[in-house]
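So this one's entry01.txt, compact mmCIF, C-alpha atoms and all ligand atoms:
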```txt
# COMPACT_ATOMS: atom_id res chain seq x y z
CA MET A 13 -17.08 -0.67 -2.48
CA LYS A 14 -13.87 -1.95 -0.90
CA LYS A 15 -11.68 0.60 0.83
CA VAL A 16 -7.96 -0.18 0.81
CA MET A 17 -5.29 1.77 2.73
CA PHE A 18 -1.61 1.11 1.96
CA VAL A 19 0.84 1.89 4.78
CA CYS A 20 4.61 2.34 5.03
CA LEU A 21 7.00 4.28 7.27
CA GLY A 22 7.13 7.66 5.50
CA ASN A 23 4.33 7.60 2.85
CA ILE A 24 6.68 9.09 0.27
CA CYS A 25 8.09 5.92 -1.39
CA ARG A 26 6.48 2.48 -1.05
CA SER A 27 2.88 3.10 0.00
CA PRO A 28 2.24 5.87 -2.56
CA MET A 29 3.77 3.59 -5.22
CA ALA A 30 1.34 0.86 -4.07
CA GLU A 31 -1.58 3.31 -4.05
CA TYR A 32 -1.01 4.45 -7.63
CA ILE A 33 -0.06 1.02 -9.00
CA PHE A 34 -3.23 -0.44 -7.47
CA ARG A 35 -5.31 2.45 -8.87
CA GLU A 36 -3.82 1.70 -12.31
CA ILE A 37 -4.73 -2.01 -12.06
CA VAL A 38 -8.29 -1.09 -11.03
CA SER A 39 -8.65 1.44 -13.86
CA GLU A 40 -7.51 -1.21 -16.38
CA ARG A 41 -9.46 -4.19 -15.04
CA GLY A 42 -12.37 -2.64 -13.18
CA GLY A 43 -13.75 -2.87 -9.68
CA ASP A 44 -15.24 -0.63 -7.04
CA PHE A 45 -12.37 0.45 -4.80
CA ALA A 46 -11.42 3.50 -2.77
CA VAL A 47 -7.63 3.57 -2.44
CA ALA A 48 -5.38 5.66 -0.20
CA SER A 49 -1.98 5.51 1.50
CA SER A 50 -0.46 6.78 4.71
CA ALA A 51 2.55 6.64 7.03
CA THR A 52 3.18 5.21 10.47
CA SER A 53 5.50 8.16 11.19
CA SER A 54 4.79 11.90 11.02
CA GLU A 55 8.29 12.54 9.62
CA GLU A 56 7.29 13.29 6.02
CA ALA A 57 3.71 14.57 6.55
CA GLY A 58 2.76 17.11 3.87
CA ASN A 59 5.65 16.16 1.57
CA SER A 60 5.33 15.08 -2.07
CA VAL A 61 6.13 11.59 -3.33
CA TYR A 62 9.94 11.18 -3.26
CA PRO A 63 11.17 12.09 -6.77
CA PRO A 64 12.90 8.73 -7.55
CA ALA A 65 9.67 6.90 -6.59
CA ALA A 66 7.56 9.29 -8.71
CA ALA A 67 10.05 8.84 -11.58
CA MET A 68 9.77 5.04 -11.36
CA LEU A 69 5.97 5.32 -11.60
CA ALA A 70 6.26 7.80 -14.50
CA ARG A 71 8.55 5.36 -16.38
CA HIS A 72 5.61 2.96 -16.30
CA GLY A 73 3.09 5.60 -17.37
CA ILE A 74 1.63 6.11 -13.88
CA ARG A 75 1.18 9.62 -12.49
CA CYS A 76 0.86 10.30 -8.78
CA GLY A 77 -0.31 13.92 -9.15
CA ASP A 78 -0.14 16.08 -6.08
CA LYS A 79 -0.15 13.26 -3.53
CA ARG A 80 1.05 14.50 -0.12
CA ALA A 81 2.21 12.30 2.72
CA ALA A 82 -0.17 11.85 5.66
CA GLN A 83 0.13 9.97 8.92
CA PHE A 84 -2.24 7.05 9.57
CA THR A 85 -4.90 7.96 12.15
CA ARG A 86 -6.96 5.85 14.56
CA SER A 87 -10.13 6.74 12.62
CA ASN A 88 -8.53 5.39 9.43
CA TYR A 89 -8.76 1.97 11.06
CA HIS A 90 -12.56 2.17 11.01
CA GLU A 91 -12.78 3.95 7.63
CA TYR A 92 -10.92 1.28 5.63
CA ASP A 93 -11.73 -2.40 5.03
CA LEU A 94 -8.15 -3.50 4.52
CA ILE A 95 -4.92 -1.95 5.80
CA VAL A 96 -2.03 -3.24 3.72
CA CYS A 97 1.46 -2.73 5.12
CA MET A 98 4.77 -2.90 3.28
CA GLU A 99 6.73 -4.62 6.05
CA ARG A 100 6.31 -6.26 9.46
CA ARG A 101 7.65 -3.18 11.18
CA ASN A 102 4.68 -1.14 9.86
CA ILE A 103 2.29 -3.72 11.35
CA SER A 104 4.03 -3.45 14.75
CA SER A 105 3.81 0.37 14.62
CA LEU A 106 0.08 0.27 13.80
CA LEU A 107 -0.56 -2.22 16.59
CA ARG A 108 1.31 0.06 19.01
CA MET A 109 -0.94 2.96 17.95
CA LEU A 110 -4.22 0.98 17.90
CA GLY A 111 -3.60 -1.51 20.70
CA SER A 112 -5.06 -4.37 18.64
CA ASP A 113 -6.61 -5.30 15.29
CA PRO A 114 -10.09 -6.46 16.37
CA ASP A 115 -11.43 -6.74 12.79
CA GLY A 116 -8.35 -8.50 11.41
CA LYS A 117 -7.87 -5.78 8.76
CA ILE A 118 -4.12 -5.34 9.00
CA CYS A 119 -2.02 -7.40 6.60
CA ARG A 120 1.25 -7.31 4.63
CA LEU A 121 1.25 -6.77 0.86
CA LEU A 122 3.53 -9.64 -0.16
CA ASP A 123 1.60 -12.09 2.03
CA PHE A 124 -0.86 -12.18 -0.88
CA THR A 125 1.87 -13.72 -3.08
CA ASP A 126 3.43 -17.19 -3.08
CA SER A 127 6.56 -15.69 -1.58
CA PRO A 128 5.57 -13.78 1.58
CA ARG A 129 8.18 -11.18 2.60
CA ASP A 130 8.76 -7.55 3.48
CA ILE A 131 9.27 -4.90 0.83
CA ALA A 132 12.69 -3.40 1.57
CA ASP A 133 12.65 0.36 1.97
CA PRO A 134 14.14 1.99 -1.16
CA TRP A 135 14.77 5.13 0.91
CA TYR A 136 17.63 3.09 2.38
CA THR A 137 18.41 0.53 -0.35
CA ARG A 138 18.15 3.12 -3.18
CA ASP A 139 16.77 0.26 -5.31
CA PHE A 140 13.54 1.78 -6.64
CA GLU A 141 13.37 -0.73 -9.50
CA THR A 142 13.10 -3.72 -7.13
CA ALA A 143 10.60 -1.84 -4.96
CA TYR A 144 8.46 -1.11 -8.05
CA GLU A 145 8.59 -4.75 -9.17
CA GLU A 146 7.77 -6.18 -5.74
CA ILE A 147 4.96 -3.69 -5.12
CA THR A 148 3.47 -4.51 -8.54
CA GLU A 149 3.69 -8.25 -7.75
CA GLY A 150 1.89 -7.62 -4.46
CA CYS A 151 -0.78 -5.33 -5.95
CA GLU A 152 -1.56 -7.87 -8.69
CA ALA A 153 -1.94 -10.63 -6.08
CA LEU A 154 -4.04 -8.38 -3.82
CA TYR A 155 -6.32 -7.44 -6.74
CA GLU A 156 -6.78 -11.11 -7.64
CA ALA A 157 -7.54 -12.04 -4.02
CA LEU A 158 -10.13 -9.26 -3.64
CA SER A 159 -11.71 -9.95 -7.04
CA GLN A 160 -11.97 -13.65 -6.19
CA LYS A 161 -13.68 -12.81 -2.89
CA GLU A 162 -16.09 -10.49 -4.73
CA LYS A 163 -16.94 -13.28 -7.21
CA GLU A 164 -17.58 -15.76 -4.38
CA PHE A 165 -19.78 -13.20 -2.65
CA THR A 166 -21.90 -12.41 -5.74
CA ALA A 167 -22.20 -16.14 -6.58
CA LYS A 168 -23.91 -16.79 -3.26
P1 LIG B 201 8.77 4.91 2.75
O1 LIG B 201 10.31 5.38 2.82
O2 LIG B 201 8.44 4.37 4.13
O3 LIG B 201 8.76 3.83 1.72
O4 LIG B 201 7.98 6.14 2.37
C1 LIG B 201 10.82 6.27 3.78
C2 LIG B 201 10.78 7.63 3.56
C3 LIG B 201 11.31 8.51 4.48
C4 LIG B 201 11.88 8.02 5.64
C5 LIG B 201 11.90 6.66 5.88
C6 LIG B 201 11.36 5.79 4.96
N1 LIG B 201 12.45 8.89 6.59
O5 LIG B 201 13.04 8.42 7.58
O6 LIG B 201 12.32 10.11 6.44
```
Could you rewrite the structure in this file as structure tokens?
Ligand code: 4NP
Amino acid sequence: MKKVMFVCLGNICRSPMAEYIFREIVSERGGDFAVASSATSSEEAGNSVYPPAAAMLARHGIRCGDKRAAQFTRSNYHEYDLIVCMERRNISSLLRMLGSDPDGKICRLLDFTDSPRDIADPWYTRDFETAYEEITEGCEALYEALSQKEKEFTAK
């Protein structure tokens, strides 16, 4: 089983969208994944997914249930195989907390696509549509990359 943790600043917009979009892809196409999301800040800890982000998921038939924001912890680093950030700033924050990334687990979602970039924070841009589209693009590319790796591994 591959354990994937999505990370953003508040864990109420982008990383929960990534968590539930990725879960949806896995439930449609298969695979053995444990998926979670968390925040670099403690600002929103305990809060529900931000309603416009939840509404964007719901428009695409994806429910995020009773997801509550949680801050990323040092032990999460060891518990997850891949820590997928929404923007460079999240990577810097994690590295400040952890000191280093000895296992090379920390990456950025859109680096799995042909057009590597940050996902702008819809909390500030108010553009939840673009966030949804970019996160979906990244999750599709991430799923393909991990499935490809799995195939190579089982072929050996
Ligand atoms: P997220 O968006 O990182 O995509 O969850 C944010 C949510 C809340 C705040 C910042 C970003 N905030 O400052 O409270």
Return as number ranges by chain every polymer residue, whether protein, DNA or RNA, with at least one atom no more than 8 Å from an atom of ligand LIG 201 (chain B); count only C-alpha atoms and all ligand atoms. A: 20-28, 51, 55-56, 62, 98, 133-136
So how many Å separate CA of Met17 (chain A) and CA of Gln83 (chain A), to one decimal? 11.6 Å
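Residues in contact with Ala66 (chain A) at 10 Å, where all atoms listed in the file are counted and same-chain residues fewer than 6 positions away are skipped, are listed as Ile24, Cys25, Pro28, Met29, Tyr32, Ser60, Ile74, Arg75, Cys76, Gly77 and Phe140 of chain A.
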Hey, could you pull the box centre and edge lengths for region 32-40 of chain A, axis-aligned, 6 Å padding per side, all listed atoms, to one decimal in Å, as lines of an AutoDock Vina configuration file?
```
center_x = -4.4
center_y = 1.2
center_z = -11.9
size_x = 20.6
size_y = 18.5
size_z = 20.9
```
CA of Asn102 (chain A) sits from CA of Glu156 (chain A) at a separation of 23.2 Å
The residues within 7 Å of (4.2, -6.3, 2.3), using all atoms listed in the file and the coordinates of the file, should be reported as a PDB file with C-alpha atoms, in the coordinates of the input; which are they?
```
ATOM      1  CA  CYS A  97       1.460  -2.730   5.120  1.00  0.00           C
ATOM      2  CA  MET A  98       4.770  -2.900   3.280  1.00  0.00           C
ATOM      3  CA  GLU A  99       6.730  -4.620   6.050  1.00  0.00           C
ATOM      4  CA  ARG A 120       1.250  -7.310   4.630  1.00  0.00           C
ATOM      5  CA  LEU A 121       1.250  -6.770   0.860  1.00  0.00           C
ATOM      6  CA  LEU A 122       3.530  -9.640  -0.160  1.00  0.00           C
ATOM      7  CA  ASP A 123       1.600 -12.090   2.030  1.00  0.00           C
ATOM      8  CA  ARG A 129       8.180 -11.180   2.600  1.00  0.00           C
ATOM      9  CA  ASP A 130       8.760  -7.550   3.480  1.00  0.00           C
ATOM     10  CA  ILE A 131       9.270  -4.900   0.830  1.00  0.00           C
TER      11      ILE A 131
END
```
Interatomic distance between CA of Ala67 (chain A) and CA of Glu31 (chain A)? 14.9 Å
Give as a compact mmCIF listing (two decimals) with C-alpha atoms, in the frame of the given file the set of residues within 10 Å of the point (-8.9, 8.8, 3.8), where distances use the file's coordinates and only C-alpha atoms.
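Written output follows (result18.txt):
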```
# COMPACT_ATOMS: atom_id res chain seq x y z
CA LYS A 15 -11.68 0.60 0.83
CA VAL A 16 -7.96 -0.18 0.81
CA MET A 17 -5.29 1.77 2.73
CA ALA A 46 -11.42 3.50 -2.77
CA VAL A 47 -7.63 3.57 -2.44
CA ALA A 48 -5.38 5.66 -0.20
CA SER A 49 -1.98 5.51 1.50
CA SER A 50 -0.46 6.78 4.71
CA ALA A 82 -0.17 11.85 5.66
CA PHE A 84 -2.24 7.05 9.57
CA THR A 85 -4.90 7.96 12.15
CA SER A 87 -10.13 6.74 12.62
CA ASN A 88 -8.53 5.39 9.43
CA TYR A 89 -8.76 1.97 11.06
CA GLU A 91 -12.78 3.95 7.63
CA TYR A 92 -10.92 1.28 5.63
```
Near Asp115 (chain A), within 10 Å and counting all atoms listed in the file, which residues show up once chain neighbours fewer than 5 positions away are dropped, as a list of chain:residue names?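 The contact residues come out as A:Tyr89, A:His90, A:Asp93, A:Leu94.
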Show which residues sit within 9 Å of Tyr144 (chain A), as a PyMOL selection string. Count all atoms listed in the file, and ignore same-chain residues fewer than 6 positions away. chain A and resi 26+29-30+33+65+68-69
With all atoms listed in the file as the counted atoms, please give the residues lying no more than 9 Å from Ser105 (chain A), apart from itself and same-chain residues fewer than 3 positions off, as a list in words.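 Once the nearby chain positions are removed, what remains is Leu21, Thr52, Ser53, Arg100, Arg101, Asn102, Arg108, Met109 and Leu110 of chain A.
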Of the residues A:Arg86, A:His72, A:Lys161, A:Lys14, which is the one nearest to Val38 (chain A), using all atoms listed in the file? A:Lys14
